[in-house]
$ cat my_file.cif   # mmCIF, C-alpha atoms and all ligand atoms
data_coords
#
loop_
_atom_site.group_PDB
_atom_site.id
_atom_site.type_symbol
_atom_site.label_atom_id
_atom_site.label_comp_id
_atom_site.auth_asym_id
_atom_site.auth_seq_id
_atom_site.Cartn_x
_atom_site.Cartn_y
_atom_site.Cartn_z
ATOM 1 C CA MET A 1 -10.092 -20.748 11.569
ATOM 2 C CA VAL A 2 -9.170 -17.113 11.923
ATOM 3 C CA LEU A 3 -5.548 -17.718 12.948
ATOM 4 C CA ASP A 4 -4.984 -19.654 9.697
ATOM 5 C CA LYS A 5 -5.701 -16.412 7.818
ATOM 6 C CA PHE A 6 -2.617 -14.835 9.383
ATOM 7 C CA SER A 7 -0.361 -17.597 8.088
ATOM 8 C CA LEU A 8 2.111 -16.637 5.338
ATOM 9 C CA LYS A 9 3.050 -20.242 4.489
ATOM 10 C CA GLY A 10 3.800 -20.556 0.761
ATOM 11 C CA LYS A 11 4.035 -16.756 0.326
ATOM 12 C CA VAL A 12 7.045 -14.922 -1.079
ATOM 13 C CA GLY A 13 7.969 -11.461 0.113
ATOM 14 C CA ILE A 14 10.478 -8.710 -0.624
ATOM 15 C CA VAL A 15 11.593 -6.500 2.263
ATOM 16 C CA THR A 16 13.750 -3.461 1.495
ATOM 17 C CA GLY A 17 15.888 -1.974 4.253
ATOM 18 C CA ALA A 18 15.926 -5.397 5.888
ATOM 19 C CA SER A 19 19.508 -5.316 7.143
ATOM 20 C CA ARG A 20 18.636 -3.580 10.417
ATOM 21 C CA GLY A 21 16.038 -1.661 12.384
ATOM 22 C CA ILE A 22 12.369 -1.774 11.417
ATOM 23 C CA GLY A 23 12.895 -3.622 8.100
ATOM 24 C CA HIS A 24 14.771 -6.377 9.915
ATOM 25 C CA GLY A 25 12.110 -6.628 12.636
ATOM 26 C CA ILE A 26 9.373 -6.908 10.012
ATOM 27 C CA ALA A 27 11.323 -9.450 7.938
ATOM 28 C CA MET A 28 11.710 -11.695 10.971
ATOM 29 C CA GLY A 29 7.979 -11.459 11.688
ATOM 30 C CA LEU A 30 7.037 -12.360 8.094
ATOM 31 C CA ALA A 31 9.494 -15.283 8.157
ATOM 32 C CA GLU A 32 8.146 -16.557 11.484
ATOM 33 C CA ALA A 33 4.651 -16.402 9.948
ATOM 34 C CA GLY A 34 5.895 -18.665 7.115
ATOM 35 C CA ALA A 35 7.045 -16.439 4.218
ATOM 36 C CA ASP A 36 10.182 -17.000 2.154
ATOM 37 C CA LEU A 37 11.958 -13.694 1.634
ATOM 38 C CA VAL A 38 14.207 -11.630 -0.578
ATOM 39 C CA LEU A 39 15.973 -9.000 1.517
ATOM 40 C CA MET A 40 17.419 -5.821 0.062
ATOM 41 C CA GLY A 41 19.962 -3.389 1.479
ATOM 42 C CA ARG A 42 22.991 -1.446 0.300
ATOM 43 C CA VAL A 43 25.639 -3.264 2.327
ATOM 44 C CA GLN A 44 26.518 -6.845 1.390
ATOM 45 C CA GLU A 45 27.693 -8.029 4.801
ATOM 46 C CA THR A 46 24.662 -6.824 6.775
ATOM 47 C CA ILE A 47 22.045 -7.925 4.248
ATOM 48 C CA GLU A 48 23.617 -11.388 3.998
ATOM 49 C CA LYS A 49 23.567 -11.625 7.792
ATOM 50 C CA ALA A 50 19.839 -10.742 7.734
ATOM 51 C CA ALA A 51 19.233 -13.555 5.194
ATOM 52 C CA LYS A 52 20.944 -15.969 7.601
ATOM 53 C CA ASP A 53 18.657 -14.746 10.409
ATOM 54 C CA VAL A 54 15.632 -15.615 8.241
ATOM 55 C CA GLU A 55 17.066 -19.031 7.386
ATOM 56 C CA ALA A 56 17.601 -19.643 11.094
ATOM 57 C CA VAL A 57 13.811 -19.592 11.625
ATOM 58 C CA GLY A 58 13.415 -22.224 8.900
ATOM 59 C CA ARG A 59 12.532 -20.114 5.864
ATOM 60 C CA LYS A 60 14.310 -19.638 2.540
ATOM 61 C CA ALA A 61 16.033 -16.292 1.996
ATOM 62 C CA ARG A 62 18.038 -14.413 -0.634
ATOM 63 C CA ALA A 63 20.071 -11.274 -0.024
ATOM 64 C CA VAL A 64 20.211 -8.631 -2.772
ATOM 65 C CA VAL A 65 22.498 -5.614 -2.617
ATOM 66 C CA GLY A 66 20.923 -2.574 -4.225
ATOM 67 C CA ASP A 67 19.661 0.977 -3.922
ATOM 68 C CA THR A 68 15.883 1.401 -3.952
ATOM 69 C CA ALA A 69 16.267 4.885 -5.449
ATOM 70 C CA LYS A 70 17.663 3.328 -8.664
ATOM 71 C CA GLU A 71 15.179 2.009 -11.211
ATOM 72 C CA GLU A 72 17.496 -0.768 -12.428
ATOM 73 C CA ASP A 73 18.018 -2.000 -8.848
ATOM 74 C CA ALA A 74 14.277 -2.024 -8.125
ATOM 75 C CA ARG A 75 13.705 -4.112 -11.266
ATOM 76 C CA ARG A 76 16.648 -6.381 -10.464
ATOM 77 C CA VAL A 77 15.412 -7.287 -6.969
ATOM 78 C CA VAL A 78 12.036 -8.276 -8.416
ATOM 79 C CA ASP A 79 13.747 -10.293 -11.194
ATOM 80 C CA GLU A 80 15.911 -12.072 -8.616
ATOM 81 C CA THR A 81 12.799 -12.858 -6.578
ATOM 82 C CA LEU A 82 11.058 -14.389 -9.595
ATOM 83 C CA LYS A 83 14.180 -16.362 -10.452
ATOM 84 C CA ALA A 84 14.526 -17.730 -6.910
ATOM 85 C CA PHE A 85 10.868 -18.246 -5.970
ATOM 86 C CA GLY A 86 8.722 -17.792 -9.103
ATOM 87 C CA ARG A 87 6.357 -15.170 -7.645
ATOM 88 C CA VAL A 88 6.054 -12.133 -5.404
ATOM 89 C CA ASP A 89 3.152 -11.891 -2.976
ATOM 90 C CA ILE A 90 4.341 -9.261 -0.493
ATOM 91 C CA LEU A 91 6.407 -6.096 -0.764
ATOM 92 C CA VAL A 92 7.502 -4.142 2.312
ATOM 93 C CA ASN A 93 9.142 -0.797 1.515
ATOM 94 C CA ALA A 94 11.113 -0.223 4.712
ATOM 95 C CA ALA A 95 14.290 1.361 3.255
ATOM 96 C CA GLY A 96 14.479 4.921 4.489
ATOM 97 C CA VAL A 97 16.889 7.734 5.339
ATOM 98 C CA THR A 98 16.769 11.092 7.056
ATOM 99 C CA ALA A 99 18.911 14.141 7.778
ATOM 100 C CA ARG A 100 18.351 17.031 10.120
ATOM 101 C CA ALA A 101 18.673 20.735 9.311
ATOM 102 C CA ALA A 102 16.585 23.865 9.763
ATOM 103 C CA ALA A 103 14.018 24.237 6.970
ATOM 104 C CA GLU A 104 15.588 27.487 5.751
ATOM 105 C CA ASP A 105 19.037 25.864 5.478
ATOM 106 C CA PHE A 106 18.008 22.441 4.211
ATOM 107 C CA PRO A 107 20.719 21.328 1.741
ATOM 108 C CA VAL A 108 19.301 20.661 -1.722
ATOM 109 C CA ASP A 109 21.377 17.505 -2.227
ATOM 110 C CA GLU A 110 20.095 16.075 1.089
ATOM 111 C CA TRP A 111 16.513 16.925 0.089
ATOM 112 C CA ASP A 112 17.010 15.005 -3.177
ATOM 113 C CA ARG A 113 18.642 12.040 -1.413
ATOM 114 C CA ILE A 114 15.834 11.719 1.160
ATOM 115 C CA MET A 115 13.054 12.088 -1.406
ATOM 116 C CA GLY A 116 14.970 9.681 -3.660
ATOM 117 C CA VAL A 117 15.059 6.818 -1.157
ATOM 118 C CA ASN A 118 11.862 7.418 0.832
ATOM 119 C CA LEU A 119 9.412 8.405 -1.914
ATOM 120 C CA ARG A 120 10.962 7.627 -5.315
ATOM 121 C CA GLY A 121 12.240 4.307 -3.897
ATOM 122 C CA ALA A 122 8.754 3.368 -2.674
ATOM 123 C CA PHE A 123 7.394 4.254 -6.127
ATOM 124 C CA LEU A 124 10.041 2.320 -8.073
ATOM 125 C CA MET A 125 9.732 -0.787 -5.897
ATOM 126 C CA SER A 126 5.920 -0.696 -5.949
ATOM 127 C CA VAL A 127 5.790 -0.457 -9.734
ATOM 128 C CA ALA A 128 8.396 -3.184 -10.250
ATOM 129 C CA ALA A 129 6.636 -5.615 -7.867
ATOM 130 C CA GLY A 130 3.146 -4.350 -8.696
ATOM 131 C CA LYS A 131 3.484 -5.348 -12.364
ATOM 132 C CA GLU A 132 3.967 -8.957 -11.258
ATOM 133 C CA MET A 133 1.134 -8.725 -8.734
ATOM 134 C CA ILE A 134 -1.186 -7.389 -11.454
ATOM 135 C CA GLN A 135 -0.406 -10.480 -13.567
ATOM 136 C CA GLN A 136 -0.991 -12.726 -10.527
ATOM 137 C CA LYS A 137 -4.189 -10.846 -9.602
ATOM 138 C CA SER A 138 -3.092 -10.703 -5.973
ATOM 139 C CA GLY A 139 -0.576 -8.898 -3.802
ATOM 140 C CA LYS A 140 0.123 -7.026 -0.592
ATOM 141 C CA ILE A 141 2.176 -3.837 -0.507
ATOM 142 C CA ILE A 142 3.165 -2.277 2.821
ATOM 143 C CA HIS A 143 4.797 1.137 2.954
ATOM 144 C CA ILE A 144 6.470 2.505 6.062
ATOM 145 C CA ALA A 145 5.015 5.922 6.789
ATOM 146 C CA SER A 146 5.776 7.955 9.929
ATOM 147 C CA MET A 147 4.340 10.388 12.433
ATOM 148 C CA GLY A 148 5.709 12.830 9.842
ATOM 149 C CA THR A 149 2.981 11.619 7.479
ATOM 150 C CA TYR A 150 0.559 13.591 9.669
ATOM 151 C CA ILE A 151 2.502 16.239 11.603
ATOM 152 C CA GLY A 152 5.571 18.465 11.302
ATOM 153 C CA ILE A 153 8.822 17.391 13.014
ATOM 154 C CA PRO A 154 11.461 20.022 13.844
ATOM 155 C CA ASN A 155 14.460 20.045 11.456
ATOM 156 C CA ALA A 156 13.027 17.226 9.313
ATOM 157 C CA SER A 157 11.328 19.062 6.427
ATOM 158 C CA ALA A 158 12.542 16.695 3.679
ATOM 159 C CA TYR A 159 11.738 13.593 5.724
ATOM 160 C CA VAL A 160 8.255 14.867 6.600
ATOM 161 C CA ALA A 161 7.580 15.860 2.969
ATOM 162 C CA SER A 162 8.683 12.403 1.791
ATOM 163 C CA LYS A 163 6.550 10.591 4.383
ATOM 164 C CA GLY A 164 3.530 12.771 3.613
ATOM 165 C CA GLY A 165 4.016 11.622 0.027
ATOM 166 C CA VAL A 166 4.277 7.980 1.119
ATOM 167 C CA GLY A 167 0.898 8.268 2.878
ATOM 168 C CA GLN A 168 -0.814 9.744 -0.177
ATOM 169 C CA TYR A 169 0.922 7.322 -2.550
ATOM 170 C CA THR A 170 -0.368 4.444 -0.398
ATOM 171 C CA LYS A 171 -3.931 5.683 -0.865
ATOM 172 C CA ASN A 172 -3.494 6.258 -4.574
ATOM 173 C CA LEU A 173 -2.119 2.774 -5.249
ATOM 174 C CA ALA A 174 -4.895 1.290 -3.099
ATOM 175 C CA VAL A 175 -7.503 3.032 -5.241
ATOM 176 C CA GLU A 176 -5.895 2.110 -8.576
ATOM 177 C CA TRP A 177 -4.939 -1.481 -7.793
ATOM 178 C CA ALA A 178 -7.956 -2.711 -5.792
ATOM 179 C CA LYS A 179 -9.345 -4.065 -9.088
ATOM 180 C CA TYR A 180 -6.327 -6.371 -9.339
ATOM 181 C CA ASN A 181 -6.866 -7.708 -5.795
ATOM 182 C CA ILE A 182 -3.758 -5.900 -4.562
ATOM 183 C CA GLN A 183 -4.049 -4.369 -1.092
ATOM 184 C CA VAL A 184 -1.804 -1.385 -0.409
ATOM 185 C CA ASN A 185 -1.441 -0.141 3.159
ATOM 186 C CA ALA A 186 1.127 1.610 5.336
ATOM 187 C CA ILE A 187 2.398 1.277 8.860
ATOM 188 C CA ALA A 188 3.166 4.543 10.645
ATOM 189 C CA PRO A 189 5.625 3.779 13.439
ATOM 190 C CA GLY A 190 5.949 6.115 16.383
ATOM 191 C CA TYR A 191 9.397 6.530 17.908
ATOM 192 C CA ILE A 192 11.262 3.228 17.511
ATOM 193 C CA GLU A 193 14.760 2.531 18.813
ATOM 194 C CA THR A 194 16.987 2.153 15.726
ATOM 195 C CA ASP A 195 20.149 3.651 14.222
ATOM 196 C CA MET A 196 17.960 6.326 12.592
ATOM 197 C CA THR A 197 16.628 7.654 15.899
ATOM 198 C CA ARG A 198 19.839 7.329 17.934
ATOM 199 C CA PRO A 199 20.678 11.066 17.583
ATOM 200 C CA LEU A 200 17.270 11.948 19.083
ATOM 201 C CA LYS A 201 17.969 9.775 22.120
ATOM 202 C CA GLN A 202 21.127 11.781 22.711
ATOM 203 C CA ASN A 203 19.192 15.075 22.728
ATOM 204 C CA PRO A 204 17.601 15.526 26.203
ATOM 205 C CA GLU A 205 15.174 18.224 25.046
ATOM 206 C CA ARG A 206 13.818 16.125 22.130
ATOM 207 C CA MET A 207 13.740 13.014 24.344
ATOM 208 C CA GLU A 208 11.556 14.797 26.873
ATOM 209 C CA SER A 209 9.112 16.129 24.280
ATOM 210 C CA ILE A 210 8.816 12.688 22.619
ATOM 211 C CA MET A 211 8.163 10.952 25.940
ATOM 212 C CA MET A 212 5.630 13.618 26.999
ATOM 213 C CA ARG A 213 3.710 13.074 23.735
ATOM 214 C CA THR A 214 3.868 9.239 23.823
ATOM 215 C CA PRO A 215 1.182 7.897 26.210
ATOM 216 C CA ALA A 216 3.014 4.551 26.515
ATOM 217 C CA ARG A 217 5.970 6.578 27.908
ATOM 218 C CA ARG A 218 8.544 4.428 26.160
ATOM 219 C CA TRP A 219 10.192 3.851 22.784
ATOM 220 C CA GLY A 220 9.045 1.014 20.562
ATOM 221 C CA GLN A 221 11.309 -1.827 19.406
ATOM 222 C CA PRO A 222 11.643 -2.930 15.741
ATOM 223 C CA GLU A 223 10.039 -6.311 16.474
ATOM 224 C CA GLU A 224 6.897 -4.522 17.691
ATOM 225 C CA LEU A 225 6.089 -3.671 14.048
ATOM 226 C CA ALA A 226 5.971 -7.347 13.081
ATOM 227 C CA GLY A 227 2.380 -8.033 14.190
ATOM 228 C CA ALA A 228 0.964 -5.179 12.110
ATOM 229 C CA ALA A 229 3.085 -6.248 9.125
ATOM 230 C CA VAL A 230 1.971 -9.895 9.305
ATOM 231 C CA PHE A 231 -1.665 -8.744 9.469
ATOM 232 C CA LEU A 232 -1.284 -6.457 6.432
ATOM 233 C CA ALA A 233 0.658 -9.133 4.502
ATOM 234 C CA SER A 234 -1.888 -11.870 5.176
ATOM 235 C CA ALA A 235 -5.369 -12.925 4.086
ATOM 236 C CA ALA A 236 -6.621 -11.548 7.428
ATOM 237 C CA SER A 237 -6.492 -8.079 5.813
ATOM 238 C CA ASP A 238 -7.987 -8.881 2.387
ATOM 239 C CA PHE A 239 -10.658 -6.143 2.732
ATOM 240 C CA VAL A 240 -8.228 -3.580 4.212
ATOM 241 C CA THR A 241 -6.658 -1.250 1.670
ATOM 242 C CA GLY A 242 -5.494 2.374 1.652
ATOM 243 C CA HIS A 243 -5.127 2.335 5.438
ATOM 244 C CA ILE A 244 -2.304 3.807 7.502
ATOM 245 C CA LEU A 245 -1.921 1.772 10.690
ATOM 246 C CA ASP A 246 -0.251 3.672 13.536
ATOM 247 C CA VAL A 247 2.023 1.588 15.771
ATOM 248 C CA ASP A 248 3.037 4.406 18.038
ATOM 249 C CA GLY A 249 2.300 3.801 21.736
ATOM 250 C CA GLY A 250 -0.624 6.222 21.386
ATOM 251 C CA PHE A 251 1.381 9.177 19.985
ATOM 252 C CA MET A 252 -1.266 10.165 17.420
ATOM 253 C CA ALA A 253 -4.111 9.723 19.901
ATOM 254 C CA GLY A 254 -2.720 12.486 22.125
HETATM 255 N N1 LIG B 1 12.913 4.518 13.763
HETATM 256 C C1 LIG B 1 11.789 5.203 13.832
HETATM 257 O O1 LIG B 1 11.418 5.719 14.887
HETATM 258 C C2 LIG B 1 10.933 5.364 12.609
HETATM 259 C C3 LIG B 1 9.696 5.997 12.772
HETATM 260 C C4 LIG B 1 8.863 6.121 11.675
HETATM 261 C C5 LIG B 1 9.250 5.638 10.449
HETATM 262 N N2 LIG B 1 10.468 5.038 10.306
HETATM 263 C C6 LIG B 1 10.787 4.516 8.981
HETATM 264 O O2 LIG B 1 11.058 3.143 9.063
HETATM 265 C C7 LIG B 1 11.977 2.763 8.015
HETATM 266 C C8 LIG B 1 13.180 2.079 8.644
HETATM 267 O O3 LIG B 1 13.772 2.982 9.551
HETATM 268 P P1 LIG B 1 14.794 2.525 10.689
HETATM 269 O O4 LIG B 1 14.563 3.403 11.845
HETATM 270 O O5 LIG B 1 14.747 1.053 10.822
HETATM 271 O O6 LIG B 1 16.152 2.991 10.006
HETATM 272 P P2 LIG B 1 17.635 2.371 10.029
HETATM 273 O O7 LIG B 1 17.855 1.617 11.291
HETATM 274 O O8 LIG B 1 18.523 3.520 9.714
HETATM 275 O O9 LIG B 1 17.625 1.335 8.822
HETATM 276 C C9 LIG B 1 17.425 1.800 7.523
HETATM 277 C C10 LIG B 1 17.410 0.627 6.580
HETATM 278 O O10 LIG B 1 17.194 1.112 5.242
HETATM 279 C C11 LIG B 1 18.233 0.634 4.391
HETATM 280 N N3 LIG B 1 18.453 1.593 3.315
HETATM 281 C C12 LIG B 1 18.686 2.919 3.418
HETATM 282 N N4 LIG B 1 18.776 3.477 2.208
HETATM 283 C C13 LIG B 1 18.601 2.480 1.305
HETATM 284 C C14 LIG B 1 18.575 2.419 -0.096
HETATM 285 N N5 LIG B 1 18.752 3.517 -0.844
HETATM 286 N N6 LIG B 1 18.365 1.231 -0.697
HETATM 287 C C15 LIG B 1 18.172 0.112 0.042
HETATM 288 N N7 LIG B 1 18.182 0.100 1.385
HETATM 289 C C16 LIG B 1 18.396 1.273 2.008
HETATM 290 C C17 LIG B 1 19.419 0.421 5.333
HETATM 291 O O11 LIG B 1 20.285 -0.560 4.832
HETATM 292 P P3 LIG B 1 21.838 -0.260 4.485
HETATM 293 O O12 LIG B 1 22.419 0.578 5.536
HETATM 294 O O13 LIG B 1 22.423 -1.600 4.333
HETATM 295 O O14 LIG B 1 21.717 0.452 3.205
HETATM 296 C C18 LIG B 1 18.725 -0.118 6.574
HETATM 297 O O15 LIG B 1 18.441 -1.494 6.402
HETATM 298 C C19 LIG B 1 12.334 4.065 7.297
HETATM 299 O O16 LIG B 1 11.503 4.231 6.185
HETATM 300 C C20 LIG B 1 12.012 5.132 8.333
HETATM 301 O O17 LIG B 1 11.731 6.354 7.735
HETATM 302 C C21 LIG B 1 11.316 4.898 11.358
#
$ encode --input "my_file.cif" --output "C-alpha cells" --more "lines below"
Ligand SMILES: NC(=O)c1ccc[n+]([C@@H]2O[C@H](COP(=O)([O-])OP(=O)(O)OC[C@H]3O[C@@H](n4cnc5c(N)ncnc54)[C@H](OP(=O)(O)O)[C@@H]3O)[C@@H](O)[C@H]2O)c1
Amino acid sequence: MVLDKFSLKGKVGIVTGASRGIGHGIAMGLAEAGADLVLMGRVQETIEKAAKDVEAVGRKARAVVGDTAKEEDARRVVDETLKAFGRVDILVNAAGVTARAAAEDFPVDEWDRIMGVNLRGAFLMSVAAGKEMIQQKSGKIIHIASMGTYIGIPNASAYVASKGGVGQYTKNLAVEWAKYNIQVNAIAPGYIETDMTRPLKQNPERMESIMMRTPARRWGQPEELAGAAVFLASAASDFVTGHILDVDGGFMAG
C-alpha cells in the first residue's frame, strides 16, 4: 500500500537545528511518521526540550549539544547516534544562521560564520553520516536550501552564497552517492515564521514585497515543512535524488 511507503517506523534520524523553527517542525513530523531521533543544537536546555517533545509522540530521542561547523562535533553526533540506536538512516541538515548587511559592507567574520554553519556544516554532517550510510548501502539526506538558492535577497549576500552552495552540494552528493542507494535532496522553504525571519516581519517594506511575491499571500509555519521531509526521508522517494523541493506558497512560480 502506498501509505506504508511513507512510514518511518524502525528508522533512525539525525536532525540538526532541531531546537526550534524549521528543524523542530521537521523533527516532529519525522517522529510522528515513526522515526527515532537524535536532535542537535547549540543550547542544552532547548535541545533537551525538543527531545522531550519527540518522546511525547511516543518515539525515542537523544539530545546532543554541538556546533555543526565543527568537524569533531559532526563526528560526535553520528557516534552518539550509533551508540544509542546502532544505525543512521536519515540526516536532516536544518541548522542555519544569517546576518544582514549591504554587500559592500558585509563583515568578513560574519561571512565566515554563515558559510561555516550553512555550507561547511552541511558538508561535515553529510560526510560523517554518509560514511555510515555507505556501509549500510542506504540512506536519506535532506538539506535545507532557500529561495536564496535561486535568487538574490537584499542584504543577504553571505546567506544567499551559502544556500546556492547547499543546492549545488545536494546535486553533487546525489550524483556521487546514488550508487550506494543514498538519496540526497533539499527542501527550499519560502518565507516561514521563525526566529530567523522575525526581523523581516518588523520591516513593513520587506513584508509588503514578500507578500506581493507569495501567491498564497501568507507566511508558512515550521510544521508545514514536515510533509515534504517525511516524503524525502521515506521509501516513497526512493527514485528521487538531487531534487530541490520548494515549499514556498508559490513564491518561485511567480
Ligand atoms: N525561516 C525561513 O523563512 C527560512 C527560509 C528558507 C530557509 N530557511 C533555513 O531553514 C533552516 C532553519 O531556519 P529557521 O528559520 O528555523 O531558523 P531558527 O529559528 O533561527 O533556528 C535555527 C536552528 O539552527 C540551530 N543552529 C544554528 N547554528 C547552529 C550550529 N552551528 N550548530 C547546531 N545548530 C545550530 C539553532 O539552534 P541553537 O540556537 O540551539 O543553536 C536552531 O535550532 C536554516 O538553514 C535556514 O537557513 C529558513
$ closest_atom_pairs --input "my_file.cif" --of "chain A" --to "ligand LIG 1 (chain B)" --cutoff "7 Å" --atoms "only C-alpha atoms and all ligand atoms" --output "CSV"
residue,atom,partner,partner_atom,distance
A:Thr16,CA,B:LIG1,N7,5.7
A:Gly17,CA,B:LIG1,O15,3.4
A:Ala18,CA,B:LIG1,O15,4.7
A:Ser19,CA,B:LIG1,O15,4.0
A:Arg20,CA,B:LIG1,O15,4.5
A:Gly21,CA,B:LIG1,O5,3.4
A:Ile22,CA,B:LIG1,O5,3.7
A:Gly23,CA,B:LIG1,O5,5.7
A:Met40,CA,B:LIG1,C15,6.0
A:Gly41,CA,B:LIG1,N7,3.9
A:Arg42,CA,B:LIG1,O14,3.7
A:Val43,CA,B:LIG1,O13,4.1
A:Thr46,CA,B:LIG1,O13,6.2
A:Ile47,CA,B:LIG1,O13,6.3
A:Gly66,CA,B:LIG1,C15,5.7
A:Asp67,CA,B:LIG1,N6,3.5
A:Thr68,CA,B:LIG1,N6,4.1
A:Ala69,CA,B:LIG1,N5,5.4
A:Ala94,CA,B:LIG1,C7,4.5
A:Ala95,CA,B:LIG1,O10,3.5
A:Gly96,CA,B:LIG1,O16,3.5
A:Val97,CA,B:LIG1,C12,5.5
A:Thr98,CA,B:LIG1,O17,6.9
A:Val117,CA,B:LIG1,N5,5.0
A:Asn118,CA,B:LIG1,O16,6.2
A:Ile144,CA,B:LIG1,O16,5.3
A:Ala145,CA,B:LIG1,C5,5.6
A:Ser146,CA,B:LIG1,C4,4.0
A:Met147,CA,B:LIG1,C4,6.3
A:Ala188,CA,B:LIG1,C4,6.0
A:Pro189,CA,B:LIG1,C4,4.4
A:Gly190,CA,B:LIG1,C3,5.2
A:Tyr191,CA,B:LIG1,O1,3.7
A:Ile192,CA,B:LIG1,O1,3.6
A:Glu193,CA,B:LIG1,N1,5.7
A:Thr194,CA,B:LIG1,O7,4.6
A:Asp195,CA,B:LIG1,O7,4.2
A:Met196,CA,B:LIG1,O8,4.1
A:Thr197,CA,B:LIG1,N1,5.3
$ closest_residue --input "my_file.cif" --among "A:Val175, A:Ile26, A:Val230, A:Ile153" --to "Leu3 of chain A" --atoms "all atoms listed in the file"
A:Val230
$ residues_near_point --input "my_file.cif" --point "(-3.7, -2.8, -1.8)" --cutoff "7 Å" --atoms "all atoms listed in the file" --output "CSV table (one decimal) with C-alpha atoms, keeping the file's coordinate frame"
chain,number,residue,atom,x,y,z
A,140,LYS,CA,0.1,-7.0,-0.6
A,141,ILE,CA,2.2,-3.8,-0.5
A,173,LEU,CA,-2.1,2.8,-5.2
A,174,ALA,CA,-4.9,1.3,-3.1
A,177,TRP,CA,-4.9,-1.5,-7.8
A,178,ALA,CA,-8.0,-2.7,-5.8
A,182,ILE,CA,-3.8,-5.9,-4.6
A,183,GLN,CA,-4.0,-4.4,-1.1
A,184,VAL,CA,-1.8,-1.4,-0.4
A,185,ASN,CA,-1.4,-0.1,3.2
A,241,THR,CA,-6.7,-1.2,1.7
A,242,GLY,CA,-5.5,2.4,1.7
$ resolve_selection --input "my_file.cif" --expression "the PyMOL selection byres (((chain A and resi 216) around 7) and not hetatm)" --output "list in words"
Thr214, Pro215, Arg217, Arg218, Gly249 and Gly250 of chain A
$ closest_residue --input "my_file.cif" --among "A:Ala50, A:Ser234, A:Gln202, A:Gly86" --to "Gly34 of chain A" --atoms "all atoms listed in the file"
A:Ser234
$ closest_residue --input "my_file.cif" --among "A:Ile151, A:Ala51, A:Ala74, A:Ala228" --to "Met252 of chain A" --atoms "all atoms listed in the file"
A:Ile151
$ resolve_selection --input "my_file.cif" --expression "the PyMOL selection byres (((chain A and resi 78) around 10) and not hetatm)" --output "list in words"
Gly13, Ile14, Val38, Val64, Asp73, Ala74, Arg75, Arg76, Val77, Asp79, Glu80, Thr81, Leu82, Lys83, Ala84, Arg87, Val88, Leu91, Met125, Ala128, Ala129, Gly130, Lys131 and Glu132 of chain A
$ write_last_selection --input "my_file.cif" --atoms "C-alpha atoms" --output "PDB file, in the frame of the given file"
ATOM      1  CA  GLY A  13       7.969 -11.461   0.113  1.00  0.00           C
ATOM      2  CA  ILE A  14      10.478  -8.710  -0.624  1.00  0.00           C
ATOM      3  CA  VAL A  38      14.207 -11.630  -0.578  1.00  0.00           C
ATOM      4  CA  VAL A  64      20.211  -8.631  -2.772  1.00  0.00           C
ATOM      5  CA  ASP A  73      18.018  -2.000  -8.848  1.00  0.00           C
ATOM      6  CA  ALA A  74      14.277  -2.024  -8.125  1.00  0.00           C
ATOM      7  CA  ARG A  75      13.705  -4.112 -11.266  1.00  0.00           C
ATOM      8  CA  ARG A  76      16.648  -6.381 -10.464  1.00  0.00           C
ATOM      9  CA  VAL A  77      15.412  -7.287  -6.969  1.00  0.00           C
ATOM     10  CA  ASP A  79      13.747 -10.293 -11.194  1.00  0.00           C
ATOM     11  CA  GLU A  80      15.911 -12.072  -8.616  1.00  0.00           C
ATOM     12  CA  THR A  81      12.799 -12.858  -6.578  1.00  0.00           C
ATOM     13  CA  LEU A  82      11.058 -14.389  -9.595  1.00  0.00           C
ATOM     14  CA  LYS A  83      14.180 -16.362 -10.452  1.00  0.00           C
ATOM     15  CA  ALA A  84      14.526 -17.730  -6.910  1.00  0.00           C
ATOM     16  CA  ARG A  87       6.357 -15.170  -7.645  1.00  0.00           C
ATOM     17  CA  VAL A  88       6.054 -12.133  -5.404  1.00  0.00           C
ATOM     18  CA  LEU A  91       6.407  -6.096  -0.764  1.00  0.00           C
ATOM     19  CA  MET A 125       9.732  -0.787  -5.897  1.00  0.00           C
ATOM     20  CA  ALA A 128       8.396  -3.184 -10.250  1.00  0.00           C
ATOM     21  CA  ALA A 129       6.636  -5.615  -7.867  1.00  0.00           C
ATOM     22  CA  GLY A 130       3.146  -4.350  -8.696  1.00  0.00           C
ATOM     23  CA  LYS A 131       3.484  -5.348 -12.364  1.00  0.00           C
ATOM     24  CA  GLU A 132       3.967  -8.957 -11.258  1.00  0.00           C
TER      25      GLU A 132
END
$ residues_near_point --input "my_file.cif" --point "(0.3, 9.7, 4.3)" --cutoff "7 Å" --atoms "all atoms listed in the file" --output "list in words"
Ala145, Thr149, Tyr150, Lys163, Gly164, Gly165, Val166, Gly167 and Gln168 of chain A
$ axis_aligned_box --input "my_file.cif" --around "segment 210-223 of chain A" --padding-each-side "8 Å" --output "JSON"
{"center_x": 6.4, "center_y": 3.7, "center_z": 21.8, "size_x": 26.5, "size_y": 35.9, "size_z": 28.2}
$ closest_residue --input "my_file.cif" --among "A:Ile187, A:Leu124, A:Val15, A:Ile134" --to "Ala63 of chain A" --atoms "all atoms listed in the file"
A:Val15
$ residues_around --input "my_file.cif" --residues "Met115 of chain A" --least-positions-apart "5" --cutoff "9 Å" --atoms "only C-alpha atoms" --output "list in words"
Ala69, Val97, Glu110, Arg120, Gly121, Ala158, Tyr159, Ala161, Ser162 and Lys163 of chain A
$ closest_residue --input "my_file.cif" --among "A:Ala31, A:His24, A:Asp238, A:Phe123" --to "Lys49 of chain A" --atoms "all atoms listed in the file"
A:His24
